[in-house]
$ cat coords_35.txt   # compact mmCIF, C-alpha atoms
# COMPACT_ATOMS: atom_id res chain seq x y z
CA MET A 1 0.00 0.00 0.00
CA ARG A 2 1.35 3.39 -1.03
CA ILE A 3 0.87 6.27 1.39
CA GLY A 4 0.28 9.84 0.33
CA VAL A 5 -0.71 13.04 2.06
CA MET A 6 -3.48 15.53 1.33
CA ILE A 7 -2.24 19.05 0.65
CA GLY A 8 -4.82 21.78 0.31
CA PRO A 9 -5.24 25.51 0.70
CA GLU A 10 -6.90 25.13 4.11
CA ARG A 11 -7.90 28.50 5.55
CA GLY A 12 -6.20 31.84 5.90
CA ASP A 13 -4.83 34.67 3.83
CA SER A 14 -5.00 34.04 0.08
CA ALA A 15 -1.55 35.53 -0.40
CA ARG A 16 -0.02 32.82 1.81
CA LYS A 17 -1.82 29.77 0.43
CA VAL A 18 0.62 29.07 -2.39
CA SER A 19 3.76 29.29 -0.26
CA ARG A 20 2.19 27.03 2.36
CA MET A 21 1.16 24.39 -0.19
CA LEU A 22 4.57 24.47 -1.86
CA ALA A 23 6.33 24.06 1.49
CA ASP A 24 4.09 21.08 2.28
CA VAL A 25 4.77 19.34 -1.03
CA GLU A 26 8.51 19.94 -0.72
CA TRP A 27 8.34 18.21 2.66
CA ALA A 28 6.26 15.34 1.20
CA GLU A 29 8.80 14.68 -1.54
CA SER A 30 11.81 14.91 0.78
CA ALA A 31 10.08 12.63 3.32
CA GLY A 32 9.55 9.92 0.71
CA MET A 33 5.77 10.12 0.44
CA ASP A 34 4.37 8.41 -2.64
CA THR A 35 1.68 10.92 -3.61
CA ALA A 36 0.36 14.35 -2.71
CA TRP A 37 -3.42 14.54 -3.11
CA VAL A 38 -4.94 17.97 -3.68
CA PRO A 39 -8.64 18.31 -2.86
CA GLN A 40 -10.84 20.58 -4.93
CA ILE A 41 -12.57 22.60 -2.23
CA PRO A 42 -15.65 24.29 -3.76
CA THR A 43 -14.81 27.69 -2.30
CA ASP A 44 -11.04 27.72 -2.65
CA PHE A 45 -7.88 27.29 -4.73
CA ASP A 46 -8.01 25.46 -8.07
CA ALA A 47 -6.61 21.95 -7.61
CA LEU A 48 -5.00 21.55 -11.03
CA THR A 49 -3.35 24.95 -10.73
CA ALA A 50 -1.97 23.84 -7.37
CA VAL A 51 -0.67 20.61 -8.91
CA ALA A 52 1.06 22.52 -11.72
CA LEU A 53 2.76 24.77 -9.18
CA MET A 54 3.81 21.79 -7.08
CA GLY A 55 5.38 20.25 -10.14
CA THR A 56 7.85 23.15 -10.26
CA ARG A 57 9.15 22.31 -6.77
CA THR A 58 9.32 18.52 -7.05
CA THR A 59 10.80 15.89 -9.35
CA ARG A 60 9.58 12.51 -8.12
CA ILE A 61 6.33 12.50 -6.17
CA GLU A 62 3.02 11.72 -7.89
CA LEU A 63 0.57 14.62 -7.77
CA GLY A 64 -3.14 13.85 -7.77
CA THR A 65 -6.43 15.70 -7.68
CA ALA A 66 -9.07 14.40 -5.28
CA VAL A 67 -11.26 15.33 -7.02
CA VAL A 68 -12.20 17.76 -9.81
CA PRO A 69 -16.00 18.08 -10.24
CA LEU A 70 -16.96 17.25 -13.83
CA GLN A 71 -20.04 19.42 -14.26
CA ALA A 72 -18.20 22.65 -13.50
CA GLN A 73 -16.49 22.78 -16.90
CA HIS A 74 -16.73 21.39 -20.42
CA PRO A 75 -14.69 18.19 -20.92
CA ILE A 76 -12.54 19.84 -23.58
CA ALA A 77 -11.60 22.56 -21.10
CA LEU A 78 -10.74 19.99 -18.42
CA ALA A 79 -8.81 17.85 -20.90
CA ARG A 80 -6.76 20.85 -22.02
CA GLN A 81 -6.02 21.84 -18.42
CA ALA A 82 -5.15 18.29 -17.41
CA LEU A 83 -2.82 17.72 -20.36
CA SER A 84 -1.13 21.06 -19.69
CA THR A 85 -0.70 20.19 -16.02
CA GLN A 86 0.63 16.75 -16.87
CA ALA A 87 3.28 18.33 -19.08
CA ALA A 88 4.15 20.83 -16.34
CA THR A 89 4.64 17.99 -13.84
CA GLN A 90 6.71 15.85 -16.22
CA GLY A 91 4.01 13.20 -16.40
CA ARG A 92 3.31 12.87 -12.66
CA LEU A 93 -0.38 13.85 -12.65
CA ALA A 94 -3.06 11.44 -11.44
CA LEU A 95 -6.36 13.00 -12.52
CA GLY A 96 -9.06 12.35 -9.96
CA VAL A 97 -12.51 13.41 -11.19
CA GLY A 98 -16.11 12.84 -10.22
CA PRO A 99 -19.70 14.01 -10.60
CA SER A 100 -19.59 15.68 -7.18
CA HIS A 101 -22.71 16.19 -5.04
CA HIS A 102 -26.06 17.91 -5.43
CA TRP A 103 -25.20 20.54 -2.80
CA ILE A 104 -22.25 21.67 -4.91
CA ILE A 105 -23.61 21.27 -8.43
CA SER A 106 -27.22 22.33 -7.88
CA ASP A 107 -27.14 24.49 -4.74
CA MET A 108 -23.85 26.32 -5.41
CA LEU A 109 -23.53 26.31 -9.20
CA GLY A 110 -27.18 26.22 -10.21
CA LEU A 111 -26.60 23.34 -12.62
CA PRO A 112 -28.71 20.19 -12.98
CA TYR A 113 -27.59 17.19 -10.97
CA GLU A 114 -29.09 14.53 -13.18
CA ARG A 115 -27.76 11.22 -14.47
CA PRO A 116 -24.41 11.62 -12.66
CA ALA A 117 -23.19 8.20 -13.80
CA GLY A 118 -24.43 8.72 -17.36
CA LEU A 119 -22.82 12.14 -17.55
CA THR A 120 -19.57 10.69 -16.22
CA ARG A 121 -19.58 7.96 -18.85
CA ASP A 122 -20.16 10.54 -21.60
CA TYR A 123 -17.48 12.82 -20.14
CA LEU A 124 -14.98 9.94 -20.14
CA ASP A 125 -15.52 9.44 -23.86
CA ILE A 126 -13.95 12.84 -24.41
CA LEU A 127 -11.22 12.54 -21.77
CA ASP A 128 -10.21 9.16 -23.21
CA ALA A 129 -10.00 10.64 -26.70
CA ALA A 130 -7.90 13.51 -25.38
CA ARG A 131 -5.42 11.31 -23.56
CA SER A 132 -4.94 9.18 -26.69
CA GLY A 133 -4.02 12.29 -28.70
CA PRO A 134 -2.82 14.60 -30.06
CA GLY A 135 -5.40 14.68 -32.77
CA PRO A 136 -9.04 15.41 -33.43
CA ILE A 137 -11.60 14.64 -30.75
CA ASP A 138 -14.81 13.57 -32.46
CA VAL A 139 -17.37 12.41 -29.93
CA GLU A 140 -21.14 12.39 -30.17
CA ASN A 141 -23.06 10.87 -27.28
CA ARG A 142 -26.14 11.60 -25.22
CA THR A 143 -24.58 14.60 -23.46
CA TYR A 144 -21.93 16.04 -25.79
CA THR A 145 -21.35 16.70 -29.46
CA VAL A 146 -17.67 17.52 -29.83
CA HIS A 147 -15.51 17.98 -32.93
CA ASN A 148 -12.42 19.68 -31.58
CA PRO A 149 -8.77 19.34 -32.61
CA VAL A 150 -6.28 19.11 -29.74
CA ASP A 151 -2.57 19.52 -30.34
CA LEU A 152 -1.59 18.48 -26.82
CA GLY A 153 -0.65 14.89 -26.10
CA THR A 154 0.28 13.03 -22.94
CA VAL A 155 3.95 13.05 -21.93
CA ALA A 156 3.39 9.82 -19.98
CA PRO A 157 0.37 7.61 -19.26
CA LEU A 158 -2.30 9.75 -17.59
CA PRO A 159 -4.27 7.77 -15.00
CA ILE A 160 -7.87 8.80 -14.44
CA LEU A 161 -9.44 7.93 -11.10
CA LEU A 162 -13.17 8.27 -10.44
CA ALA A 163 -14.80 9.29 -7.21
CA ALA A 164 -17.06 6.24 -7.07
CA LEU A 165 -19.19 5.53 -4.01
CA GLY A 166 -22.22 3.56 -5.19
CA PRO A 167 -22.53 0.32 -7.21
CA VAL A 168 -23.14 2.00 -10.58
CA MET A 169 -20.20 4.38 -10.30
CA LEU A 170 -17.91 1.64 -8.99
CA ALA A 171 -18.78 -0.51 -12.00
CA LEU A 172 -18.06 2.44 -14.29
CA ALA A 173 -14.73 3.08 -12.55
CA GLY A 174 -13.72 -0.53 -13.10
CA GLU A 175 -14.84 -0.54 -16.73
CA ARG A 176 -13.44 2.80 -17.83
CA ALA A 177 -11.01 4.30 -15.32
CA ASP A 178 -7.79 3.34 -13.57
CA GLY A 179 -9.30 3.21 -10.10
CA THR A 180 -11.31 5.14 -7.57
CA VAL A 181 -10.77 7.88 -5.00
CA LEU A 182 -12.76 7.40 -1.79
CA TRP A 183 -13.78 9.48 1.20
CA MET A 184 -15.97 8.24 4.06
CA ALA A 185 -15.21 4.56 3.35
CA ASP A 186 -14.00 2.46 6.27
CA GLU A 187 -12.27 -0.91 6.09
CA ARG A 188 -15.44 -3.00 5.84
CA ALA A 189 -16.96 -0.74 3.19
CA VAL A 190 -13.76 -1.08 1.15
CA ALA A 191 -13.47 -4.85 1.53
CA GLU A 192 -17.13 -5.80 1.08
CA HIS A 193 -18.51 -3.04 -1.16
CA VAL A 194 -15.81 -1.20 -3.10
CA VAL A 195 -13.20 -3.82 -3.99
CA PRO A 196 -15.53 -6.60 -5.19
CA ARG A 197 -17.56 -4.31 -7.45
CA ILE A 198 -14.76 -2.33 -9.05
CA THR A 199 -12.52 -5.38 -9.46
CA LYS A 200 -15.25 -7.48 -11.07
CA ALA A 201 -15.98 -4.69 -13.56
CA ALA A 202 -12.29 -4.25 -14.42
CA GLU A 203 -11.79 -7.99 -14.90
CA ALA A 204 -14.82 -8.21 -17.20
CA GLU A 205 -13.23 -5.58 -19.46
CA GLY A 206 -9.78 -7.16 -19.30
CA ARG A 207 -8.37 -4.14 -17.49
CA PRO A 208 -5.60 -4.19 -14.85
CA ALA A 209 -6.47 -4.33 -11.18
CA PRO A 210 -7.80 -0.87 -10.26
CA ARG A 211 -6.23 1.48 -7.76
CA ILE A 212 -8.24 1.99 -4.57
CA VAL A 213 -7.37 5.36 -3.01
CA ALA A 214 -8.89 5.81 0.45
CA GLY A 215 -8.73 9.10 2.31
CA ILE A 216 -8.74 9.18 6.10
CA PRO A 217 -7.85 11.72 8.83
CA VAL A 218 -4.83 10.80 10.96
CA CYS A 219 -3.67 12.20 14.30
CA LEU A 220 -0.65 11.05 16.27
CA CYS A 221 -1.48 11.61 19.93
CA ARG A 222 -1.57 9.99 23.33
CA PRO A 223 -4.18 7.22 23.58
CA SER A 224 -6.03 9.35 26.12
CA GLU A 225 -6.37 12.08 23.43
CA ALA A 226 -7.79 9.82 20.71
CA ASP A 227 -11.41 10.70 21.52
CA ALA A 228 -10.59 14.39 21.34
CA ALA A 229 -9.00 13.86 17.93
CA ARG A 230 -12.10 12.08 16.65
CA GLU A 231 -14.28 14.87 18.00
CA ARG A 232 -12.13 17.43 16.19
CA ALA A 233 -12.44 15.42 12.97
CA ASN A 234 -16.21 15.55 13.28
CA ARG A 235 -16.12 19.26 14.01
CA ILE A 236 -13.94 20.40 11.11
CA LEU A 237 -14.52 17.68 8.50
CA GLY A 238 -18.07 16.55 9.15
CA GLU A 239 -20.02 18.84 6.87
CA ALA A 240 -19.63 16.48 3.90
CA GLU A 241 -21.67 13.86 5.76
CA ILE A 242 -24.86 15.70 4.79
CA SER A 243 -24.46 14.33 1.27
CA PRO A 244 -26.78 11.38 0.53
CA ASN A 245 -23.90 9.84 -1.44
CA TYR A 246 -21.73 9.66 1.68
CA GLN A 247 -24.64 8.58 3.86
CA ARG A 248 -25.24 5.59 1.60
CA LEU A 249 -21.53 4.73 1.60
CA LEU A 250 -21.41 4.79 5.39
CA GLU A 251 -24.17 2.19 5.45
CA TYR A 252 -21.80 -0.32 3.84
CA GLY A 253 -19.35 -0.10 6.73
CA ASP A 254 -19.15 0.25 10.49
CA ALA A 255 -18.22 3.95 10.67
CA LYS A 256 -21.03 6.34 11.53
CA ASP A 257 -19.12 9.58 10.83
CA VAL A 258 -15.73 10.93 9.83
CA GLY A 259 -14.54 10.68 13.45
CA ASP A 260 -14.91 6.91 13.26
CA LEU A 261 -12.70 6.95 10.16
CA CYS A 262 -9.97 8.90 11.94
CA ALA A 263 -6.82 6.92 12.75
CA ALA A 264 -5.94 8.45 16.13
CA GLY A 265 -3.58 7.36 18.89
CA ASP A 266 0.02 6.32 19.18
CA GLU A 267 2.14 4.95 16.34
CA THR A 268 1.21 1.34 17.09
CA ALA A 269 -2.51 2.10 16.89
CA ILE A 270 -2.16 4.06 13.67
CA ALA A 271 0.01 1.38 12.04
CA ALA A 272 -2.60 -1.24 12.97
CA ARG A 273 -5.35 0.85 11.37
CA PHE A 274 -3.27 1.30 8.23
CA LYS A 275 -2.77 -2.46 8.04
CA ARG A 276 -6.52 -3.04 8.22
CA PHE A 277 -7.00 -0.74 5.24
CA ALA A 278 -4.24 -2.53 3.33
CA ASP A 279 -5.79 -5.91 4.13
CA ALA A 280 -9.16 -4.60 2.91
CA GLY A 281 -7.67 -3.94 -0.52
CA VAL A 282 -6.64 -0.28 -0.39
CA THR A 283 -3.71 0.32 -2.75
CA ASP A 284 -3.19 3.99 -1.84
CA LEU A 285 -3.91 5.66 1.49
CA SER A 286 -4.44 9.42 1.37
CA VAL A 287 -3.74 10.93 4.78
CA ARG A 288 -5.49 14.06 5.92
CA LEU A 289 -3.26 15.35 8.72
CA LEU A 290 -5.40 16.24 11.75
CA PRO A 291 -3.47 18.25 14.36
CA ILE A 292 -4.84 18.80 17.84
CA GLY A 293 -3.89 21.29 20.53
CA GLU A 294 -4.58 24.70 21.99
CA GLY A 295 -3.32 27.58 19.89
CA ARG A 296 -1.22 27.77 16.75
CA ASP A 297 2.06 26.55 18.23
CA GLU A 298 0.53 23.35 19.59
CA LEU A 299 -1.32 22.68 16.34
CA VAL A 300 1.83 23.18 14.26
CA ALA A 301 3.82 20.88 16.56
CA SER A 302 1.08 18.24 16.38
CA LYS A 303 1.02 18.38 12.59
CA ARG A 304 4.78 17.96 12.41
CA ARG A 305 4.77 14.97 14.76
CA THR A 306 2.01 13.29 12.80
CA ARG A 307 3.57 13.79 9.41
CA GLU A 308 6.99 12.55 10.52
CA MET A 309 5.34 9.39 11.83
CA ILE A 310 3.41 9.00 8.56
CA ALA A 311 6.66 9.26 6.60
CA SER A 312 8.18 6.44 8.66
CA LEU A 313 5.13 4.23 8.08
CA ALA A 314 5.16 4.95 4.33
CA ALA A 315 8.46 3.11 3.96
CA GLU A 316 7.12 0.12 5.88
CA PHE A 317 3.94 -0.28 3.82
CA ARG A 318 5.49 0.30 0.40

$ encode --input "coords_35.txt" --output "structure tokens"
Amino acid sequence: MRIGVMIGPERGDSARKVSRMLADVEWAESAGMDTAWVPQIPTDFDALTAVALMGTRTTRIELGTAVVPLQAQHPIALARQALSTQAATQGRLALGVGPSHHWIISDMLGLPYERPAGLTRDYLDILDAARSGPGPIDVENRTYTVHNPVDLGTVAPLPILLAALGPVMLALAGERADGTVLWMADERAVAEHVVPRITKAAEAEGRPAPRIVAGIPVCLCRPSEADAARERANRILGEAEISPNYQRLLEYGDAKDVGDLCAAGDETAIAARFKRFADAGVTDLSVRLLPIGEGRDELVASKRRTREMIASLAAEFR
């Protein structure tokens, strides 16, 4: 199991976001992390722009988006941006995409949230044509009619990972993509729901075993502080649980909320939780660092302790 770390804009002054993200990815590469995963927060920094910038400060680490909402832009626009970013990162981009959630697409953007799986399938027709280029993209399907030349080609294989939570999307991810990016999936949900469905679909199409990227919060702390860490996870990360998509995914596992997904405690406890995810079939673990403490200094120190421990575990699980 490969271990990566989430790097996002978080909160704070816009002028300082870029320098903070670049410092974090420089640490991730120097610490030997396998991947840096950049979330696309609806209200904040553009994930693919962040990945392109990170490519200028790194040479080895894979850089992934987790994930870019499909409905927010035309597939030609996303293909052009992804191919440009892949070139800027010397072929190290892993493009995570998905149909997002109704509260983003409908409530925030005012766009229809209909046929998410069907739209994704139609969108992939165009992305697949783009990543097999350069050349003309001629696609006519239920959603799009596209006749657009593209002079950009891939500088290396460009993996596409789908945010797939339900049975239909997991089947589509196995049939058409290189894997899935998960959030709110515990070990049982991965082992009994995600892996069987996506693997069966990939095998039926003669495709390689798909990547299973699972995101979880992690906090290195004293065992007596583990409950406080889980409470903090629920407080700062719990808003996504309102999505029916995540609610349905939780029903496949034992976790009731994001706090239950949090790997919190000492190094032994966290390593044991990581092993359970690896045994469930996770190929890539995406760690969301969750510091605890009173005040900035304690939070910064907690983050540093957690990420140094994660780096040591990454070598063991590779």

$ closest_residue --input "coords_35.txt" --among "A:Pro112, A:Gly8, A:Gly98, A:Pro244" --to "A:Thr43" --atoms "all atoms listed in the file"
A:Gly8

$ axis_aligned_box --input "coords_35.txt" --around "stretch 155-165 of chain A" --padding-each-side "6 Å" --output "AutoDock Vina command-line options"
--center_x -7.6 --center_y 9.3 --center_z -13.0 --size_x 35.1 --size_y 19.5 --size_z 29.9

$ closest_residue --input "coords_35.txt" --among "A:Ile216, A:Ala163, A:Ala201, A:Leu83" --to "A:Arg176" --atoms "only C-alpha atoms"
A:Ala201

$ residues_near_point --input "coords_35.txt" --point "(-1.7, 6.6, 21.4)" --cutoff "9 Å" --atoms "only C-alpha atoms" --output "list in words"
Leu220, Cys221, Arg222, Pro223, Ser224, Glu225, Ala226, Ala264, Gly265, Asp266, Glu267, Thr268, Ala269 and Ile270 of chain A

$ atom_distance --input "coords_35.txt" --atom1 "atom CA of A:Ala72" --atom2 "atom CA of A:Val195"
28.6 Å

$ closest_residue --input "coords_35.txt" --among "A:Ser106, A:Thr154, A:Thr120, A:Thr49" --to "A:Ala79" --atoms "only C-alpha atoms"
A:Thr154

$ residues_near_point --input "coords_35.txt" --point "(-13.3, 17.1, -11.3)" --cutoff "8 Å" --atoms "all atoms listed in the file" --output "list in words"
Gln40, Thr65, Ala66, Val67, Val68, Pro69, Leu70, Gln71, Ala72, Gly96, Val97, Gly98, Pro99 and Ser100 of chain A

$ closest_residue --input "coords_35.txt" --among "A:Glu26, A:Asp178, A:Glu205, A:Asp186" --to "A:Leu63" --atoms "only C-alpha atoms"
A:Glu26

$ atom_distance --input "coords_35.txt" --atom1 "atom CA of A:Leu237" --atom2 "atom CA of A:Val258"
7.0 Å

$ residues_around --input "coords_35.txt" --residues "A:Met33" --least-positions-apart "2" --cutoff "10 Å" --atoms "only C-alpha atoms" --output "list in words"
Arg2, Ile3, Gly4, Val5, Val25, Trp27, Ala28, Glu29, Ser30, Ala31, Thr35, Ala36, Arg60, Ile61, Glu62, Arg307, Ile310, Ala311, Ser312, Leu313, Ala314, Ala315 and Arg318 of chain A

$ write_last_selection --input "coords_35.txt" --atoms "C-alpha atoms" --output "CSV table (one decimal), keeping the file's coordinate frame"
chain,number,residue,atom,x,y,z
A,2,ARG,CA,1.4,3.4,-1.0
A,3,ILE,CA,0.9,6.3,1.4
A,4,GLY,CA,0.3,9.8,0.3
A,5,VAL,CA,-0.7,13.0,2.1
A,25,VAL,CA,4.8,19.3,-1.0
A,27,TRP,CA,8.3,18.2,2.7
A,28,ALA,CA,6.3,15.3,1.2
A,29,GLU,CA,8.8,14.7,-1.5
A,30,SER,CA,11.8,14.9,0.8
A,31,ALA,CA,10.1,12.6,3.3
A,35,THR,CA,1.7,10.9,-3.6
A,36,ALA,CA,0.4,14.4,-2.7
A,60,ARG,CA,9.6,12.5,-8.1
A,61,ILE,CA,6.3,12.5,-6.2
A,62,GLU,CA,3.0,11.7,-7.9
A,307,ARG,CA,3.6,13.8,9.4
A,310,ILE,CA,3.4,9.0,8.6
A,311,ALA,CA,6.7,9.3,6.6
A,312,SER,CA,8.2,6.4,8.7
A,313,LEU,CA,5.1,4.2,8.1
A,314,ALA,CA,5.2,5.0,4.3
A,315,ALA,CA,8.5,3.1,4.0
A,318,ARG,CA,5.5,0.3,0.4

$ closest_residue --input "coords_35.txt" --among "A:Asn245, A:Thr85, A:Asn148, A:Ser14" --to "A:Ala52" --atoms "all atoms listed in the file"
A:Thr85

$ residues_around --input "coords_35.txt" --residues "stretch 274-291 of chain A" --least-positions-apart "3" --cutoff "7 Å" --atoms "only C-alpha atoms" --output "list of chain:residue names"
A:Met1, A:Arg2, A:Ile3, A:Gly4, A:Val5, A:Met6, A:Trp37, A:Glu187, A:Val190, A:Ala191, A:Val195, A:Arg211, A:Ile212, A:Val213, A:Ala214, A:Gly215, A:Ile216, A:Pro217, A:Val218, A:Cys219, A:Ile270, A:Ala271, A:Leu299, A:Ser302, A:Lys303, A:Thr306

$ write_last_selection --input "coords_35.txt" --atoms "C-alpha atoms" --output "PDB file, in the coordinates of the input"
ATOM      1  CA  MET A   1       0.000   0.000   0.000  1.00  0.00           C
ATOM      2  CA  ARG A   2       1.350   3.390  -1.030  1.00  0.00           C
ATOM      3  CA  ILE A   3       0.870   6.270   1.390  1.00  0.00           C
ATOM      4  CA  GLY A   4       0.280   9.840   0.330  1.00  0.00           C
ATOM      5  CA  VAL A   5      -0.710  13.040   2.060  1.00  0.00           C
ATOM      6  CA  MET A   6      -3.480  15.530   1.330  1.00  0.00           C
ATOM      7  CA  TRP A  37      -3.420  14.540  -3.110  1.00  0.00           C
ATOM      8  CA  GLU A 187     -12.270  -0.910   6.090  1.00  0.00           C
ATOM      9  CA  VAL A 190     -13.760  -1.080   1.150  1.00  0.00           C
ATOM     10  CA  ALA A 191     -13.470  -4.850   1.530  1.00  0.00           C
ATOM     11  CA  VAL A 195     -13.200  -3.820  -3.990  1.00  0.00           C
ATOM     12  CA  ARG A 211      -6.230   1.480  -7.760  1.00  0.00           C
ATOM     13  CA  ILE A 212      -8.240   1.990  -4.570  1.00  0.00           C
ATOM     14  CA  VAL A 213      -7.370   5.360  -3.010  1.00  0.00           C
ATOM     15  CA  ALA A 214      -8.890   5.810   0.450  1.00  0.00           C
ATOM     16  CA  GLY A 215      -8.730   9.100   2.310  1.00  0.00           C
ATOM     17  CA  ILE A 216      -8.740   9.180   6.100  1.00  0.00           C
ATOM     18  CA  PRO A 217      -7.850  11.720   8.830  1.00  0.00           C
ATOM     19  CA  VAL A 218      -4.830  10.800  10.960  1.00  0.00           C
ATOM     20  CA  CYS A 219      -3.670  12.200  14.300  1.00  0.00           C
ATOM     21  CA  ILE A 270      -2.160   4.060  13.670  1.00  0.00           C
ATOM     22  CA  ALA A 271       0.010   1.380  12.040  1.00  0.00           C
ATOM     23  CA  LEU A 299      -1.320  22.680  16.340  1.00  0.00           C
ATOM     24  CA  SER A 302       1.080  18.240  16.380  1.00  0.00           C
ATOM     25  CA  LYS A 303       1.020  18.380  12.590  1.00  0.00           C
ATOM     26  CA  THR A 306       2.010  13.290  12.800  1.00  0.00           C
TER      27      THR A 306
END

$ build_atoms --input "coords_35.txt" --residues "stretch 67-74 of chain A" --atoms "all heavy atoms" --output "JSON list (two decimals), in the coordinates of the input"
[["chain", "number", "residue", "atom", "x", "y", "z"],
["A", 67, "VAL", "N", -11.19, 15.56, -5.59],
["A", 67, "VAL", "CA", -11.26, 15.33, -7.02],
["A", 67, "VAL", "C", -11.82, 16.59, -7.68],
["A", 67, "VAL", "O", -12.42, 17.43, -7.01],
["A", 67, "VAL", "CB", -12.17, 14.13, -7.40],
["A", 67, "VAL", "CG1", -11.62, 12.82, -6.84],
["A", 67, "VAL", "CG2", -13.60, 14.34, -6.93],
["A", 68, "VAL", "N", -11.67, 16.65, -9.03],
["A", 68, "VAL", "CA", -12.20, 17.76, -9.81],
["A", 68, "VAL", "C", -13.65, 17.46, -10.20],
["A", 68, "VAL", "O", -13.90, 16.42, -10.83],
["A", 68, "VAL", "CB", -11.36, 18.00, -11.08],
["A", 68, "VAL", "CG1", -11.97, 19.10, -11.93],
["A", 68, "VAL", "CG2", -9.92, 18.33, -10.71],
["A", 69, "PRO", "N", -14.61, 18.32, -9.86],
["A", 69, "PRO", "CA", -16.00, 18.08, -10.24],
["A", 69, "PRO", "C", -16.18, 18.21, -11.77],
["A", 69, "PRO", "O", -15.72, 19.18, -12.37],
["A", 69, "PRO", "CB", -16.79, 19.18, -9.52],
["A", 69, "PRO", "CG", -15.86, 19.70, -8.46],
["A", 69, "PRO", "CD", -14.48, 19.50, -9.00],
["A", 70, "LEU", "N", -16.84, 17.26, -12.38],
["A", 70, "LEU", "CA", -16.96, 17.25, -13.83],
["A", 70, "LEU", "C", -17.90, 18.32, -14.36],
["A", 70, "LEU", "O", -17.63, 18.94, -15.39],
["A", 70, "LEU", "CB", -17.44, 15.87, -14.29],
["A", 70, "LEU", "CG", -16.48, 14.71, -14.03],
["A", 70, "LEU", "CD1", -17.10, 13.40, -14.48],
["A", 70, "LEU", "CD2", -15.14, 14.94, -14.73],
["A", 71, "GLN", "N", -19.03, 18.54, -13.70],
["A", 71, "GLN", "CA", -20.04, 19.42, -14.26],
["A", 71, "GLN", "C", -19.61, 20.88, -14.33],
["A", 71, "GLN", "O", -20.21, 21.67, -15.05],
["A", 71, "GLN", "CB", -21.34, 19.34, -13.45],
["A", 71, "GLN", "CG", -22.01, 17.98, -13.45],
["A", 71, "GLN", "CD", -21.60, 17.16, -12.24],
["A", 71, "GLN", "OE1", -20.45, 17.24, -11.78],
["A", 71, "GLN", "NE2", -22.52, 16.38, -11.71],
["A", 72, "ALA", "N", -18.57, 21.24, -13.59],
["A", 72, "ALA", "CA", -18.20, 22.65, -13.50],
["A", 72, "ALA", "C", -17.53, 23.18, -14.76],
["A", 72, "ALA", "O", -17.39, 24.40, -14.92],
["A", 72, "ALA", "CB", -17.26, 22.86, -12.30],
["A", 73, "GLN", "N", -17.11, 22.29, -15.68],
["A", 73, "GLN", "CA", -16.49, 22.78, -16.90],
["A", 73, "GLN", "C", -16.66, 21.76, -18.03],
["A", 73, "GLN", "O", -16.85, 20.57, -17.78],
["A", 73, "GLN", "CB", -15.00, 23.07, -16.68],
["A", 73, "GLN", "CG", -14.19, 21.90, -16.16],
["A", 73, "GLN", "CD", -12.78, 22.32, -15.79],
["A", 73, "GLN", "OE1", -12.11, 23.02, -16.55],
["A", 73, "GLN", "NE2", -12.34, 21.93, -14.61],
["A", 74, "HIS", "N", -16.61, 22.25, -19.24],
["A", 74, "HIS", "CA", -16.73, 21.39, -20.42],
["A", 74, "HIS", "C", -15.56, 20.40, -20.45],
["A", 74, "HIS", "O", -14.44, 20.73, -20.06],
["A", 74, "HIS", "CB", -16.72, 22.26, -21.68],
["A", 74, "HIS", "CG", -17.12, 21.53, -22.91],
["A", 74, "HIS", "ND1", -16.25, 20.71, -23.60],
["A", 74, "HIS", "CD2", -18.31, 21.48, -23.58],
["A", 74, "HIS", "CE1", -16.87, 20.19, -24.65],
["A", 74, "HIS", "NE2", -18.13, 20.64, -24.66]]
